[in-house]
Amino acid sequence: MAPTSAPPFVTTGQWPEEADILRAYLTNWEVFFEVLGDPENADLARIDEYNTGASAQRLRELVNRYVADGEISVVVPDGATRHDPEVTFVDGDLAQVVDCFVDDSYALTVATGETREDVTTGKWLVQLLLIDGQWKVSELSQEWSRVGVVPCDEQ
């Protein structure tokens, strides 16, 4: 399935596959919020469209945890959420992305209405693999995270 609503991004032009890599990376986040927005009815096959390996496994585990805890993820319409991804390396079927990600989504416990909702800014380090012509997130780690909206270049 092709990405449909990933936010715009800027490419450096250093690698011809940059746009495809960034589109896949950002669509990965759309899928993340899609499956966690309704974890009990999540189409888990969507995870494999833009994830592989450790990244796919971790997202499946998160879906299971949300189901067990009775939680859903809520994306704030027109909120502060934004990405500033940059491709930092491409070599054949391997790519790396660094992203400054402001996240104002929150977890909602459906039964009680209780929320966990701190706005955070974090620097994400991401590895993608080209598999059967599709870039997929294989590893994703957060280098740092701060509460609030903070500039990434000051960390």
# chains A, B, ... in the order shown; residues from 1 in each chain; ligands from 1

call {"tool": "select_by_dssp", "arguments": {"residues": "region 60-120 of chain A", "states": "strand (DSSP E or B)", "output": "ChimeraX atom specification"}}
result
/A:71-74,82-91,94-103,106-109,115-116,120

call {"tool": "residues_around", "arguments": {"residues": "Arg146 (chain A)", "least_positions_apart": "4", "cutoff": "10 Å", "atoms": "only C-alpha atoms", "output": "ChimeraX atom specification"}}
result
/A:102,118-123,150-152,155

call {"tool": "write_last_selection", "arguments": {"atoms": "C-alpha atoms", "output": "PDB file, in the first residue's frame"}}
result
ATOM      1  CA  VAL A 102       7.503  16.558  18.577  1.00  0.00           C
ATOM      2  CA  ASP A 118       2.852  14.977  28.107  1.00  0.00           C
ATOM      3  CA  VAL A 119       3.984  16.701  24.917  1.00  0.00           C
ATOM      4  CA  THR A 120       7.526  15.505  24.237  1.00  0.00           C
ATOM      5  CA  THR A 121      10.315  16.269  21.824  1.00  0.00           C
ATOM      6  CA  GLY A 122      12.764  13.515  21.000  1.00  0.00           C
ATOM      7  CA  LYS A 123      15.611  12.690  18.713  1.00  0.00           C
ATOM      8  CA  VAL A 150      12.202  22.028  22.524  1.00  0.00           C
ATOM      9  CA  PRO A 151      14.644  22.646  19.671  1.00  0.00           C
ATOM     10  CA  CYS A 152      16.578  19.539  18.705  1.00  0.00           C
ATOM     11  CA  GLN A 155      20.379  19.055  22.876  1.00  0.00           C
TER      12      GLN A 155
END

call {"tool": "residues_around", "arguments": {"residues": "Leu62 (chain A)", "least_positions_apart": "5", "cutoff": "12 Å", "atoms": "only C-alpha atoms", "output": "list in words"}}
result
Phe32, Phe33, Val35, Leu36, Gly37, Pro39, Glu40, Ala42, Leu44, Ile47, Ser55, Ala56, Gln57, Val67, Ala68, Asp69, Gly70, Glu71, Ile72, Ser73 and Ala107 of chain A

call {"tool": "write_last_selection", "arguments": {"atoms": "N, CA and C atoms", "output": "PDB file, in the first residue's frame"}}
result
ATOM      1  N   PHE A  32       1.796   3.398  12.856  1.00  0.00           N
ATOM      2  CA  PHE A  32       1.924   3.327  14.311  1.00  0.00           C
ATOM      3  C   PHE A  32       0.667   3.871  14.985  1.00  0.00           C
ATOM      4  N   PHE A  33       0.265   5.091  14.616  1.00  0.00           N
ATOM      5  CA  PHE A  33      -0.894   5.707  15.245  1.00  0.00           C
ATOM      6  C   PHE A  33      -2.202   5.056  14.796  1.00  0.00           C
ATOM      7  N   VAL A  35      -2.658   1.734  14.129  1.00  0.00           N
ATOM      8  CA  VAL A  35      -2.879   0.480  14.860  1.00  0.00           C
ATOM      9  C   VAL A  35      -3.066   0.726  16.362  1.00  0.00           C
ATOM     10  N   LEU A  36      -2.439   1.748  16.916  1.00  0.00           N
ATOM     11  CA  LEU A  36      -2.623   2.034  18.332  1.00  0.00           C
ATOM     12  C   LEU A  36      -3.879   2.856  18.599  1.00  0.00           C
ATOM     13  N   GLY A  37      -4.434   3.453  17.553  1.00  0.00           N
ATOM     14  CA  GLY A  37      -5.682   4.192  17.691  1.00  0.00           C
ATOM     15  C   GLY A  37      -6.878   3.272  17.882  1.00  0.00           C
ATOM     16  N   PRO A  39      -6.373  -0.554  18.803  1.00  0.00           N
ATOM     17  CA  PRO A  39      -5.551  -1.767  18.878  1.00  0.00           C
ATOM     18  C   PRO A  39      -6.347  -3.076  18.853  1.00  0.00           C
ATOM     19  N   GLU A  40      -7.555  -3.072  19.388  1.00  0.00           N
ATOM     20  CA  GLU A  40      -8.340  -4.313  19.400  1.00  0.00           C
ATOM     21  C   GLU A  40      -8.734  -4.750  17.995  1.00  0.00           C
ATOM     22  N   ALA A  42      -6.939  -3.678  15.191  1.00  0.00           N
ATOM     23  CA  ALA A  42      -5.815  -3.297  14.332  1.00  0.00           C
ATOM     24  C   ALA A  42      -5.559  -4.328  13.240  1.00  0.00           C
ATOM     25  N   LEU A  44      -2.965  -5.929  11.749  1.00  0.00           N
ATOM     26  CA  LEU A  44      -1.552  -6.132  12.045  1.00  0.00           C
ATOM     27  C   LEU A  44      -0.696  -6.321  10.794  1.00  0.00           C
ATOM     28  N   ILE A  47       1.435  -3.364   9.806  1.00  0.00           N
ATOM     29  CA  ILE A  47       2.738  -3.176  10.447  1.00  0.00           C
ATOM     30  C   ILE A  47       3.852  -3.622   9.513  1.00  0.00           C
ATOM     31  N   SER A  55      11.701  -3.609  14.740  1.00  0.00           N
ATOM     32  CA  SER A  55      10.691  -2.559  14.727  1.00  0.00           C
ATOM     33  C   SER A  55       9.285  -3.149  14.639  1.00  0.00           C
ATOM     34  N   ALA A  56       9.086  -4.127  13.771  1.00  0.00           N
ATOM     35  CA  ALA A  56       7.773  -4.770  13.630  1.00  0.00           C
ATOM     36  C   ALA A  56       7.408  -5.498  14.920  1.00  0.00           C
ATOM     37  N   GLN A  57       8.370  -6.210  15.500  1.00  0.00           N
ATOM     38  CA  GLN A  57       8.116  -6.945  16.735  1.00  0.00           C
ATOM     39  C   GLN A  57       7.732  -6.002  17.866  1.00  0.00           C
ATOM     40  N   VAL A  67      -3.948  -3.355  24.140  1.00  0.00           N
ATOM     41  CA  VAL A  67      -5.164  -4.169  24.272  1.00  0.00           C
ATOM     42  C   VAL A  67      -5.309  -4.638  25.719  1.00  0.00           C
ATOM     43  N   ALA A  68      -4.235  -5.181  26.298  1.00  0.00           N
ATOM     44  CA  ALA A  68      -4.282  -5.687  27.673  1.00  0.00           C
ATOM     45  C   ALA A  68      -4.612  -4.586  28.678  1.00  0.00           C
ATOM     46  N   ASP A  69      -4.106  -3.368  28.433  1.00  0.00           N
ATOM     47  CA  ASP A  69      -4.330  -2.250  29.352  1.00  0.00           C
ATOM     48  C   ASP A  69      -5.601  -1.465  29.046  1.00  0.00           C
ATOM     49  N   GLY A  70      -6.292  -1.826  27.947  1.00  0.00           N
ATOM     50  CA  GLY A  70      -7.513  -1.106  27.578  1.00  0.00           C
ATOM     51  C   GLY A  70      -7.246   0.316  27.122  1.00  0.00           C
ATOM     52  N   GLU A  71      -6.107   0.526  26.469  1.00  0.00           N
ATOM     53  CA  GLU A  71      -5.725   1.874  26.032  1.00  0.00           C
ATOM     54  C   GLU A  71      -5.831   2.025  24.516  1.00  0.00           C
ATOM     55  N   ILE A  72      -5.950   3.271  24.111  1.00  0.00           N
ATOM     56  CA  ILE A  72      -5.839   3.644  22.699  1.00  0.00           C
ATOM     57  C   ILE A  72      -4.931   4.864  22.631  1.00  0.00           C
ATOM     58  N   SER A  73      -4.361   5.095  21.465  1.00  0.00           N
ATOM     59  CA  SER A  73      -3.551   6.286  21.243  1.00  0.00           C
ATOM     60  C   SER A  73      -4.415   7.316  20.528  1.00  0.00           C
ATOM     61  N   ALA A 107      -2.020   8.593  25.334  1.00  0.00           N
ATOM     62  CA  ALA A 107      -2.681   7.319  25.578  1.00  0.00           C
ATOM     63  C   ALA A 107      -3.914   7.577  26.437  1.00  0.00           C
TER      64      ALA A 107
END

call {"tool": "closest_residue", "arguments": {"among": "A:Asp78, A:Glu61, A:Glu34, A:Glu86", "to": "Gln14 (chain A)", "atoms": "only C-alpha atoms"}}
result
A:Glu86

call {"tool": "residues_around", "arguments": {"residues": "region 133-143 of chain A", "least_positions_apart": "3", "cutoff": "6 Å", "atoms": "only C-alpha atoms", "output": "PyMOL selection string"}}
result
chain A and resi 21+24+50-55+123-130

call {"tool": "write_last_selection", "arguments": {"atoms": "N, CA and C atoms", "output": "mmCIF file, in the first residue's frame"}}
result
data_model
loop_
_atom_site.group_PDB
_atom_site.id
_atom_site.type_symbol
_atom_site.label_atom_id
_atom_site.label_comp_id
_atom_site.auth_asym_id
_atom_site.auth_seq_id
_atom_site.Cartn_x
_atom_site.Cartn_y
_atom_site.Cartn_z
ATOM 1 N N ILE A 21 12.704 6.927 0.998
ATOM 2 C CA ILE A 21 13.086 6.568 2.373
ATOM 3 C C ILE A 21 12.277 7.392 3.364
ATOM 4 N N ALA A 24 8.561 6.412 3.393
ATOM 5 C CA ALA A 24 8.348 5.159 4.127
ATOM 6 C C ALA A 24 8.471 5.383 5.633
ATOM 7 N N TYR A 50 5.519 -1.359 6.440
ATOM 8 C CA TYR A 50 6.544 -0.332 6.618
ATOM 9 C C TYR A 50 7.507 -0.637 7.752
ATOM 10 N N ASN A 51 7.436 -1.863 8.313
ATOM 11 C CA ASN A 51 8.310 -2.282 9.400
ATOM 12 C C ASN A 51 8.807 -3.685 9.128
ATOM 13 N N THR A 52 9.956 -4.006 9.701
ATOM 14 C CA THR A 52 10.502 -5.352 9.628
ATOM 15 C C THR A 52 11.350 -5.576 10.875
ATOM 16 N N GLY A 53 11.656 -6.820 11.165
ATOM 17 C CA GLY A 53 12.572 -7.145 12.265
ATOM 18 C C GLY A 53 12.141 -6.600 13.606
ATOM 19 N N ALA A 54 13.097 -6.018 14.344
ATOM 20 C CA ALA A 54 12.865 -5.524 15.700
ATOM 21 C C ALA A 54 11.772 -4.460 15.750
ATOM 22 N N SER A 55 11.701 -3.609 14.740
ATOM 23 C CA SER A 55 10.691 -2.559 14.727
ATOM 24 C C SER A 55 9.285 -3.149 14.639
ATOM 25 N N LYS A 123 14.763 12.970 19.863
ATOM 26 C CA LYS A 123 15.611 12.690 18.713
ATOM 27 C C LYS A 123 15.607 11.191 18.488
ATOM 28 N N TRP A 124 15.165 10.782 17.306
ATOM 29 C CA TRP A 124 15.043 9.371 16.949
ATOM 30 C C TRP A 124 16.115 8.989 15.945
ATOM 31 N N LEU A 125 16.738 7.841 16.155
ATOM 32 C CA LEU A 125 17.717 7.272 15.238
ATOM 33 C C LEU A 125 17.051 6.049 14.609
ATOM 34 N N VAL A 126 17.041 6.003 13.294
ATOM 35 C CA VAL A 126 16.239 5.008 12.583
ATOM 36 C C VAL A 126 17.075 4.326 11.506
ATOM 37 N N GLN A 127 16.920 3.015 11.418
ATOM 38 C CA GLN A 127 17.527 2.249 10.332
ATOM 39 C C GLN A 127 16.401 1.676 9.478
ATOM 40 N N LEU A 128 16.555 1.799 8.170
ATOM 41 C CA LEU A 128 15.597 1.235 7.230
ATOM 42 C C LEU A 128 16.313 0.278 6.293
ATOM 43 N N LEU A 129 15.590 -0.759 5.875
ATOM 44 C CA LEU A 129 16.102 -1.728 4.916
ATOM 45 C C LEU A 129 15.203 -1.725 3.691
ATOM 46 N N LEU A 130 15.812 -1.870 2.524
ATOM 47 C CA LEU A 130 15.058 -1.998 1.282
ATOM 48 C C LEU A 130 14.775 -3.481 1.073
#

call {"tool": "atom_distance", "arguments": {"atom1": "CA of Cys100 (chain A)", "atom2": "CA of Val63 (chain A)"}}
result
23.7 Å

call {"tool": "residues_around", "arguments": {"residues": "Pro77 (chain A)", "least_positions_apart": "5", "cutoff": "12 Å", "atoms": "only C-alpha atoms", "output": "list in words"}}
result
Arg82, Asp103, Asp104, Ser105 and Tyr106 of chain A

call {"tool": "write_last_selection", "arguments": {"atoms": "C-alpha atoms", "output": "mmCIF file, in the first residue's frame"}}
result
data_model
loop_
_atom_site.group_PDB
_atom_site.id
_atom_site.type_symbol
_atom_site.label_atom_id
_atom_site.label_comp_id
_atom_site.auth_asym_id
_atom_site.auth_seq_id
_atom_site.Cartn_x
_atom_site.Cartn_y
_atom_site.Cartn_z
ATOM 1 C CA ARG A 82 5.704 17.333 13.763
ATOM 2 C CA ASP A 103 4.721 14.271 19.814
ATOM 3 C CA ASP A 104 1.531 15.529 21.428
ATOM 4 C CA SER A 105 -0.442 12.312 21.018
ATOM 5 C CA TYR A 106 -1.604 10.673 24.204
#

call {"tool": "select_by_dssp", "arguments": {"residues": "chain A", "states": "helix (DSSP H, G or I)", "output": "count of residues only"}}
result
49

call {"tool": "closest_residue", "arguments": {"among": "A:Phe89, A:Tyr66, A:Trp144, A:Tyr25", "to": "Val110 (chain A)", "atoms": "only C-alpha atoms"}}
result
A:Tyr66

call {"tool": "closest_residue", "arguments": {"among": "A:Glu17, A:Leu22, A:Asp48, A:Asp99", "to": "Ser145 (chain A)", "atoms": "only C-alpha atoms"}}
result
A:Asp99

call {"tool": "residues_around", "arguments": {"residues": "Gly13 (chain A)", "least_positions_apart": "5", "cutoff": "12 Å", "atoms": "only C-alpha atoms", "output": "PDB file with N, CA and C atoms, in the first residue's frame"}}
result
ATOM      1  N   GLU A  18      16.237   9.244  -1.428  1.00  0.00           N
ATOM      2  CA  GLU A  18      15.866   9.977  -0.211  1.00  0.00           C
ATOM      3  C   GLU A  18      14.366  10.137  -0.030  1.00  0.00           C
ATOM      4  N   ALA A  19      13.670  10.574  -1.050  1.00  0.00           N
ATOM      5  CA  ALA A  19      12.227  10.809  -0.935  1.00  0.00           C
ATOM      6  C   ALA A  19      11.495   9.523  -0.580  1.00  0.00           C
ATOM      7  N   ASP A  20      11.862   8.415  -1.204  1.00  0.00           N
ATOM      8  CA  ASP A  20      11.214   7.131  -0.899  1.00  0.00           C
ATOM      9  C   ASP A  20      11.496   6.699   0.539  1.00  0.00           C
ATOM     10  N   GLU A  86      15.773  13.561   8.542  1.00  0.00           N
ATOM     11  CA  GLU A  86      16.851  13.758   7.578  1.00  0.00           C
ATOM     12  C   GLU A  86      17.533  12.411   7.320  1.00  0.00           C
ATOM     13  N   VAL A  87      17.692  12.079   6.051  1.00  0.00           N
ATOM     14  CA  VAL A  87      18.448  10.888   5.696  1.00  0.00           C
ATOM     15  C   VAL A  87      19.914  11.223   5.901  1.00  0.00           C
ATOM     16  N   THR A  88      20.595  10.394   6.696  1.00  0.00           N
ATOM     17  CA  THR A  88      22.000  10.670   7.007  1.00  0.00           C
ATOM     18  C   THR A  88      22.962   9.678   6.356  1.00  0.00           C
ATOM     19  N   VAL A  90      22.978   6.320   3.164  1.00  0.00           N
ATOM     20  CA  VAL A  90      22.377   5.307   2.299  1.00  0.00           C
ATOM     21  C   VAL A  90      23.524   4.501   1.689  1.00  0.00           C
TER      22      VAL A  90
END

call {"tool": "closest_residue", "arguments": {"among": "A:Thr109, A:Asp132, A:Glu117, A:Gly92", "to": "Trp15 (chain A)", "atoms": "only C-alpha atoms"}}
result
A:Gly92
